[in-house]
Structure formats: structure tokens, C-alpha cells
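Okay, structure first, notes after.
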Amino acid sequence: MTGSDTPSSFRLAYVPGVTPTKWVRVWHERLPHVPLELVQATAAEAPGLLAGGGADAGLVRLPVDRDVLSAIPLYTETTVVVIPKDHVATAAEEVSLAELSDEIVLHPLDDLLDWETLPGRPAVERPATTADAIELVAAGVGVLLVPQSLARLHHRKDLTYRPVPDAPASRVALSWPEAEITPDLVEEFIGIVRGRTVNSTRGRAATPPRPAKAKDKDKAKAKAKGKDRRGGAGGGSGARQKPAAGRKPQAGGRAGGQSGKRGKPRGR
């Protein structure tokens, strides 16, 4: 895809907690003439943004509607409980849901975890956002379970967190609008995220691999040429050593003559 067919930019949506920095850096190295525009969106907004054409691709949280969007799962995040630094749970390396049964567990409206049964005791009201819930944890109102990246995003000096292995986890995926043919620039970003090299068969600068039979033929031709060169050199050497017509080899002649002279005295 070259010239006027190349889009002016590539729009990449991403949700809070996801860091696209390393992939964006590779994009700029490989496609310096195609700007990458970052579009921030909430986890709830991102699927609609992609479906509506507001971004070419996005780093989103699953699930998404697979009838509308394609998706490649990238990784699963650890779920942690955010607690005050003086909380008793800080004495442990990790916490189970059972150990939170007596805690008020905040459940914000933008919660990203798929709960079958909410742990702990419910708060009187649900916070509107994860950021609001973090403030309530700092105020000693309750605790909060979130993907680890969000705990880091909303870091405070008076709060810490511990892994909760038996809690539901959030999965992050690369997603883009469903289509019969995936756009070239989306394919480029898929390749970057999956770690393909610049010479990959799916990349822009890829060179189609030569069939194995063609490679074998090339090797056979090269071998044959090598034999021809060696044969030519040998023929030239033989021509220099070949005696003139009607004459015996000089060395052999001298040997024969000497042998004859020695034979006459024995005849007598």
C-alpha cells in the first residue's frame, strides 16, 4: 500500500491500565511516515468507539461482541485488593476471598471483574468510578478489588495492594472492527503486538519466501557451475602436459634409451 492509498494516520484506542508504549515505539521505527494517534477510552466506551470507526484498532478488555469486533487475547491480569498500608492483610503475601468476608468490599459502577457472587459485605452505595472507590479506601470506608494495572494507575502513598489468586481476572485483547479483509495497517499492528520481525511474511517489508524446490534447483545449478570451472582448469593443465604428436614423452624416452644401452652388453 503506497502513495495516495496510505492513510494519513493510524488511530489506536486504549483503556486505563493498558500501556501501549513499547508497541507504539516499534510502530514509529517501522512506519515513520504513518503517524500513530492514541485515543484514550474507558473500558465501557472502547468497543463502541471501534465499532463506530472512532479508532482503527484498540487495546481493550474482554469480553467484546465477536459479531462486531475481531479480537486477539494478549494477556490476563492479576487481580489485587487495594488496602490501607496499616491494614492487617499487609502481613500476608496474598489474600483469599474468604479472608475478605468481613470487609466492606467496594463495587464501583465501572467494575471490570465478572463476579458471580460479590465478596465481603456490600457498601451502602456503589461508587461511580474506580477512582472514587480508591478515595473511599484511603478514607477507611472499605477495600477494593481491581486488575493490578489499575491499582498501579491509582497509586497513593497511603495505600498498597495484595494479589487475590481466587478472584476473577481481567483479560486484555487487541481488537478491531470485523471485516472480510483486515486492513493493511491493522495487520501491521497485529504483527508488532505478536512480535513479528520486520522481515516476517505478514509485514510490509516482507519478501515472499522462495519455494524449497526452487532453492534446490539453485543449489544444483551452482554445483554444476563449480564442476564446469574445475573441469576447465583440469583440461588446460592436461593440454600443457600432452606430448607432441608422434613423440613419446621425454622422460619415458630417456628411460627407455638407458634401458636399451644397458641391454646390449648383456646380449654379447
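Every chain in the C-alpha cells has a letter given in the order shown (A, B, ...), and although residue numbers restart at 1 in each chain, ligands are simply numbered from 1 in the order shown.
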
Would you kindly return, as a list in words, each protein, DNA or RNA residue with an atom no farther than 7 Å from any atom of segment 155-171 of chain A, considering only C-alpha atoms and excluding same-chain residues fewer than 2 positions away?
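My reading of the contact set: Arg61, Leu62, Tyr75, Thr76, Glu77, Thr78, Thr79, Val80, Val81, Val82, Ile83, Pro84, Lys85, Glu93, Glu94, Val95, Ser96, Leu97, Leu112, Leu113, Asp114, Trp115, Ala138, Pro147, Ala151, Arg152, Leu153 and Ala173 of chain A.
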
Can you write out the residues you just picked, keeping N, CA, C and O atoms, as an mmCIF file, in the first residue's frame?
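Saved to again-v9.cif:
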data_model
loop_
_atom_site.group_PDB
_atom_site.id
_atom_site.type_symbol
_atom_site.label_atom_id
_atom_site.label_comp_id
_atom_site.auth_asym_id
_atom_site.auth_seq_id
_atom_site.Cartn_x
_atom_site.Cartn_y
_atom_site.Cartn_z
ATOM 1 N N ARG A 61 -10.525 -4.453 27.027
ATOM 2 C CA ARG A 61 -10.739 -5.535 27.989
ATOM 3 C C ARG A 61 -11.878 -6.426 27.485
ATOM 4 O O ARG A 61 -12.910 -5.940 27.021
ATOM 5 N N LEU A 62 -11.649 -7.712 27.567
ATOM 6 C CA LEU A 62 -12.669 -8.672 27.157
ATOM 7 C C LEU A 62 -13.735 -8.796 28.244
ATOM 8 O O LEU A 62 -13.463 -8.535 29.414
ATOM 9 N N TYR A 75 -3.113 -10.931 27.181
ATOM 10 C CA TYR A 75 -2.669 -11.390 28.496
ATOM 11 C C TYR A 75 -3.809 -11.270 29.502
ATOM 12 O O TYR A 75 -4.818 -10.587 29.256
ATOM 13 N N THR A 76 -3.626 -11.945 30.627
ATOM 14 C CA THR A 76 -4.592 -11.902 31.724
ATOM 15 C C THR A 76 -3.937 -11.230 32.920
ATOM 16 O O THR A 76 -2.822 -11.585 33.302
ATOM 17 N N GLU A 77 -4.627 -10.272 33.493
ATOM 18 C CA GLU A 77 -4.065 -9.529 34.617
ATOM 19 C C GLU A 77 -4.348 -10.204 35.956
ATOM 20 O O GLU A 77 -5.370 -10.852 36.138
ATOM 21 N N THR A 78 -3.428 -9.997 36.873
ATOM 22 C CA THR A 78 -3.633 -10.437 38.252
ATOM 23 C C THR A 78 -4.617 -9.491 38.931
ATOM 24 O O THR A 78 -4.536 -8.271 38.763
ATOM 25 N N THR A 79 -5.546 -10.052 39.684
ATOM 26 C CA THR A 79 -6.481 -9.229 40.466
ATOM 27 C C THR A 79 -5.895 -9.012 41.857
ATOM 28 O O THR A 79 -5.370 -9.944 42.479
ATOM 29 N N VAL A 80 -5.970 -7.782 42.340
ATOM 30 C CA VAL A 80 -5.418 -7.443 43.661
ATOM 31 C C VAL A 80 -6.487 -6.746 44.497
ATOM 32 O O VAL A 80 -7.470 -6.208 43.961
ATOM 33 N N VAL A 81 -6.263 -6.760 45.799
ATOM 34 C CA VAL A 81 -7.129 -5.995 46.700
ATOM 35 C C VAL A 81 -6.351 -4.766 47.166
ATOM 36 O O VAL A 81 -5.210 -4.871 47.620
ATOM 37 N N VAL A 82 -6.951 -3.604 46.986
ATOM 38 C CA VAL A 82 -6.334 -2.341 47.406
ATOM 39 C C VAL A 82 -6.755 -2.079 48.847
ATOM 40 O O VAL A 82 -7.946 -2.072 49.182
ATOM 41 N N ILE A 83 -5.760 -1.872 49.698
ATOM 42 C CA ILE A 83 -5.991 -1.719 51.135
ATOM 43 C C ILE A 83 -5.113 -0.605 51.696
ATOM 44 O O ILE A 83 -4.076 -0.263 51.108
ATOM 45 N N PRO A 84 -5.476 -0.040 52.862
ATOM 46 C CA PRO A 84 -4.582 0.935 53.519
ATOM 47 C C PRO A 84 -3.291 0.247 53.956
ATOM 48 O O PRO A 84 -3.265 -0.966 54.208
ATOM 49 N N LYS A 85 -2.216 1.006 54.063
ATOM 50 C CA LYS A 85 -0.919 0.430 54.416
ATOM 51 C C LYS A 85 -0.881 -0.145 55.829
ATOM 52 O O LYS A 85 -0.017 -0.977 56.142
ATOM 53 N N GLU A 93 1.513 -12.250 51.880
ATOM 54 C CA GLU A 93 1.945 -12.004 50.510
ATOM 55 C C GLU A 93 0.770 -11.988 49.547
ATOM 56 O O GLU A 93 0.818 -11.338 48.500
ATOM 57 N N GLU A 94 -0.295 -12.734 49.862
ATOM 58 C CA GLU A 94 -1.520 -12.732 49.059
ATOM 59 C C GLU A 94 -2.709 -12.966 49.970
ATOM 60 O O GLU A 94 -2.556 -13.403 51.117
ATOM 61 N N VAL A 95 -3.887 -12.658 49.438
ATOM 62 C CA VAL A 95 -5.118 -12.717 50.224
ATOM 63 C C VAL A 95 -6.150 -13.538 49.472
ATOM 64 O O VAL A 95 -6.243 -13.446 48.237
ATOM 65 N N SER A 96 -6.947 -14.331 50.184
ATOM 66 C CA SER A 96 -8.033 -15.090 49.559
ATOM 67 C C SER A 96 -9.344 -14.326 49.720
ATOM 68 O O SER A 96 -9.478 -13.451 50.582
ATOM 69 N N LEU A 97 -10.323 -14.677 48.899
ATOM 70 C CA LEU A 97 -11.639 -14.035 49.012
ATOM 71 C C LEU A 97 -12.270 -14.332 50.367
ATOM 72 O O LEU A 97 -12.963 -13.476 50.944
ATOM 73 N N LEU A 112 -14.511 -3.913 36.507
ATOM 74 C CA LEU A 112 -14.082 -4.681 35.339
ATOM 75 C C LEU A 112 -14.091 -6.186 35.566
ATOM 76 O O LEU A 112 -13.799 -6.950 34.648
ATOM 77 N N LEU A 113 -14.419 -6.631 36.765
ATOM 78 C CA LEU A 113 -14.354 -8.048 37.100
ATOM 79 C C LEU A 113 -15.733 -8.686 36.986
ATOM 80 O O LEU A 113 -16.744 -8.092 37.377
ATOM 81 N N ASP A 114 -15.758 -9.895 36.440
ATOM 82 C CA ASP A 114 -17.013 -10.612 36.213
ATOM 83 C C ASP A 114 -17.332 -11.473 37.437
ATOM 84 O O ASP A 114 -16.923 -12.627 37.534
ATOM 85 N N TRP A 115 -18.083 -10.893 38.360
ATOM 86 C CA TRP A 115 -18.379 -11.580 39.613
ATOM 87 C C TRP A 115 -19.639 -12.435 39.501
ATOM 88 O O TRP A 115 -20.656 -11.962 39.006
ATOM 89 N N ALA A 138 -8.909 4.955 50.827
ATOM 90 C CA ALA A 138 -7.987 5.812 51.573
ATOM 91 C C ALA A 138 -8.653 6.410 52.809
ATOM 92 O O ALA A 138 -7.991 6.663 53.829
ATOM 93 N N PRO A 147 -7.993 -5.043 38.672
ATOM 94 C CA PRO A 147 -6.788 -5.532 37.983
ATOM 95 C C PRO A 147 -5.564 -4.771 38.497
ATOM 96 O O PRO A 147 -5.640 -3.584 38.815
ATOM 97 N N ALA A 151 -4.550 -0.693 40.031
ATOM 98 C CA ALA A 151 -4.013 -0.370 41.353
ATOM 99 C C ALA A 151 -2.758 0.486 41.202
ATOM 100 O O ALA A 151 -2.531 1.425 41.970
ATOM 101 N N ARG A 152 -1.943 0.175 40.200
ATOM 102 C CA ARG A 152 -0.739 0.970 39.946
ATOM 103 C C ARG A 152 -1.090 2.343 39.392
ATOM 104 O O ARG A 152 -0.473 3.350 39.746
ATOM 105 N N LEU A 153 -2.103 2.378 38.517
ATOM 106 C CA LEU A 153 -2.513 3.641 37.903
ATOM 107 C C LEU A 153 -3.001 4.629 38.966
ATOM 108 O O LEU A 153 -2.726 5.836 38.886
ATOM 109 N N ALA A 173 -7.084 -7.518 25.324
ATOM 110 C CA ALA A 173 -7.001 -8.015 23.951
ATOM 111 C C ALA A 173 -6.774 -6.869 22.979
ATOM 112 O O ALA A 173 -7.073 -5.710 23.273
#

Within 10 Å of segment 37-52 of chain A using only C-alpha atoms, minus same-chain residues under 5 positions, as a VMD selection string:
chain A and resid 9 to 17 20 24 57 to 65 68 to 69 110 to 112 175 to 178

Take the residues from that selection and write them out as a compact mmCIF listing (two decimals), in the first residue's frame, keeping N, CA and C atoms.
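See result-v2.txt below for the written result:
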# COMPACT_ATOMS: atom_id res chain seq x y z
N SER A 9 -3.02 8.55 9.04
CA SER A 9 -2.61 8.14 10.38
C SER A 9 -3.31 6.85 10.76
N PHE A 10 -2.82 6.24 11.83
CA PHE A 10 -3.43 5.04 12.38
C PHE A 10 -3.91 5.37 13.79
N ARG A 11 -5.19 5.14 14.06
CA ARG A 11 -5.76 5.50 15.36
C ARG A 11 -5.86 4.26 16.24
N LEU A 12 -5.22 4.33 17.39
CA LEU A 12 -5.21 3.22 18.34
C LEU A 12 -5.87 3.63 19.64
N ALA A 13 -6.97 2.97 19.97
CA ALA A 13 -7.64 3.22 21.24
C ALA A 13 -6.99 2.36 22.33
N TYR A 14 -7.03 2.85 23.55
CA TYR A 14 -6.54 2.04 24.68
C TYR A 14 -7.30 2.42 25.94
N VAL A 15 -7.43 1.45 26.82
CA VAL A 15 -8.23 1.64 28.03
C VAL A 15 -7.31 1.87 29.23
N PRO A 16 -7.82 2.45 30.33
CA PRO A 16 -6.99 2.69 31.52
C PRO A 16 -6.33 1.41 32.02
N GLY A 17 -5.08 1.55 32.40
CA GLY A 17 -4.32 0.41 32.90
C GLY A 17 -3.48 -0.27 31.85
N PRO A 20 0.48 1.07 25.99
CA PRO A 20 0.88 0.69 24.63
C PRO A 20 2.25 1.19 24.21
N VAL A 24 3.95 1.20 20.37
CA VAL A 24 3.96 2.48 19.65
C VAL A 24 5.38 2.80 19.20
N ALA A 57 -8.01 0.33 15.63
CA ALA A 57 -7.82 -0.85 16.47
C ALA A 57 -7.76 -0.36 17.91
N GLY A 58 -7.84 -1.28 18.84
CA GLY A 58 -7.81 -0.86 20.23
C GLY A 58 -7.31 -1.94 21.16
N LEU A 59 -6.68 -1.52 22.25
CA LEU A 59 -6.29 -2.41 23.34
C LEU A 59 -7.39 -2.33 24.37
N VAL A 60 -8.20 -3.36 24.45
CA VAL A 60 -9.45 -3.33 25.20
C VAL A 60 -9.47 -4.46 26.22
N ARG A 61 -10.53 -4.45 27.03
CA ARG A 61 -10.74 -5.54 27.99
C ARG A 61 -11.88 -6.43 27.48
N LEU A 62 -11.65 -7.71 27.57
CA LEU A 62 -12.67 -8.67 27.16
C LEU A 62 -13.74 -8.80 28.24
N PRO A 63 -14.96 -9.19 27.85
CA PRO A 63 -15.37 -9.64 26.51
C PRO A 63 -15.79 -8.49 25.59
N VAL A 64 -15.78 -8.78 24.27
CA VAL A 64 -16.34 -7.88 23.27
C VAL A 64 -17.29 -8.69 22.40
N ASP A 65 -18.14 -8.00 21.67
CA ASP A 65 -19.09 -8.66 20.78
C ASP A 65 -18.34 -9.17 19.55
N VAL A 68 -19.25 -8.22 15.95
CA VAL A 68 -18.93 -6.86 15.51
C VAL A 68 -17.43 -6.62 15.47
N LEU A 69 -16.72 -7.19 16.43
CA LEU A 69 -15.29 -6.93 16.57
C LEU A 69 -14.48 -8.22 16.55
N ASP A 110 -18.08 1.05 37.35
CA ASP A 110 -17.23 0.69 36.21
C ASP A 110 -16.34 -0.53 36.52
N ASP A 111 -16.80 -1.35 37.45
CA ASP A 111 -16.03 -2.55 37.84
C ASP A 111 -15.73 -3.41 36.60
N LEU A 112 -14.51 -3.91 36.51
CA LEU A 112 -14.08 -4.68 35.34
C LEU A 112 -14.09 -6.19 35.57
N SER A 175 -8.18 -5.49 19.58
CA SER A 175 -9.45 -5.66 18.88
C SER A 175 -9.57 -4.65 17.74
N TRP A 176 -10.37 -5.00 16.73
CA TRP A 176 -10.60 -4.11 15.59
C TRP A 176 -11.93 -4.50 14.94
N PRO A 177 -12.53 -3.62 14.14
CA PRO A 177 -13.82 -3.92 13.52
C PRO A 177 -13.76 -5.16 12.64
N GLU A 178 -14.74 -6.02 12.77
CA GLU A 178 -14.82 -7.24 11.97
C GLU A 178 -14.94 -6.88 10.49

Between atom CA of Glu103 of chain A and atom CA of Leu145 of chain A, what is the spacing in Å?
11.6 Å

Between atom CA of Asn199 of chain A and atom CA of His28 of chain A, measure the distance and give it in Å to one decimal.
16.2 Å

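Residue nearest Val172 of chain A within the list A:Val124, A:Leu74, A:Ala131, A:Thr117: A:Leu74 [criterion: smallest interatomic distance, only C-alpha atoms].
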
What is the distance, in Å and to one decimal place, between atom CA of Val198 of chain A and atom CA of Arg30 of chain A?
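Computing it gives 7.4 Å between the two atoms.
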
As a PyMOL selection string, please: every residue in segment 67-145 of chain A that a backbone DSSP assignment puts in strand (DSSP E or B).
chain A and resi 69-76+79-84+104-106+121-122+143-145

Which residue is closest to Asp184 of chain A? Choose from A:Val105, A:Gly142, A:Thr19, A:Asp56 and count only C-alpha atoms.
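Among A:Val105, A:Gly142, A:Thr19, A:Asp56, it is A:Asp56 that comes nearest to Asp184 of chain A.
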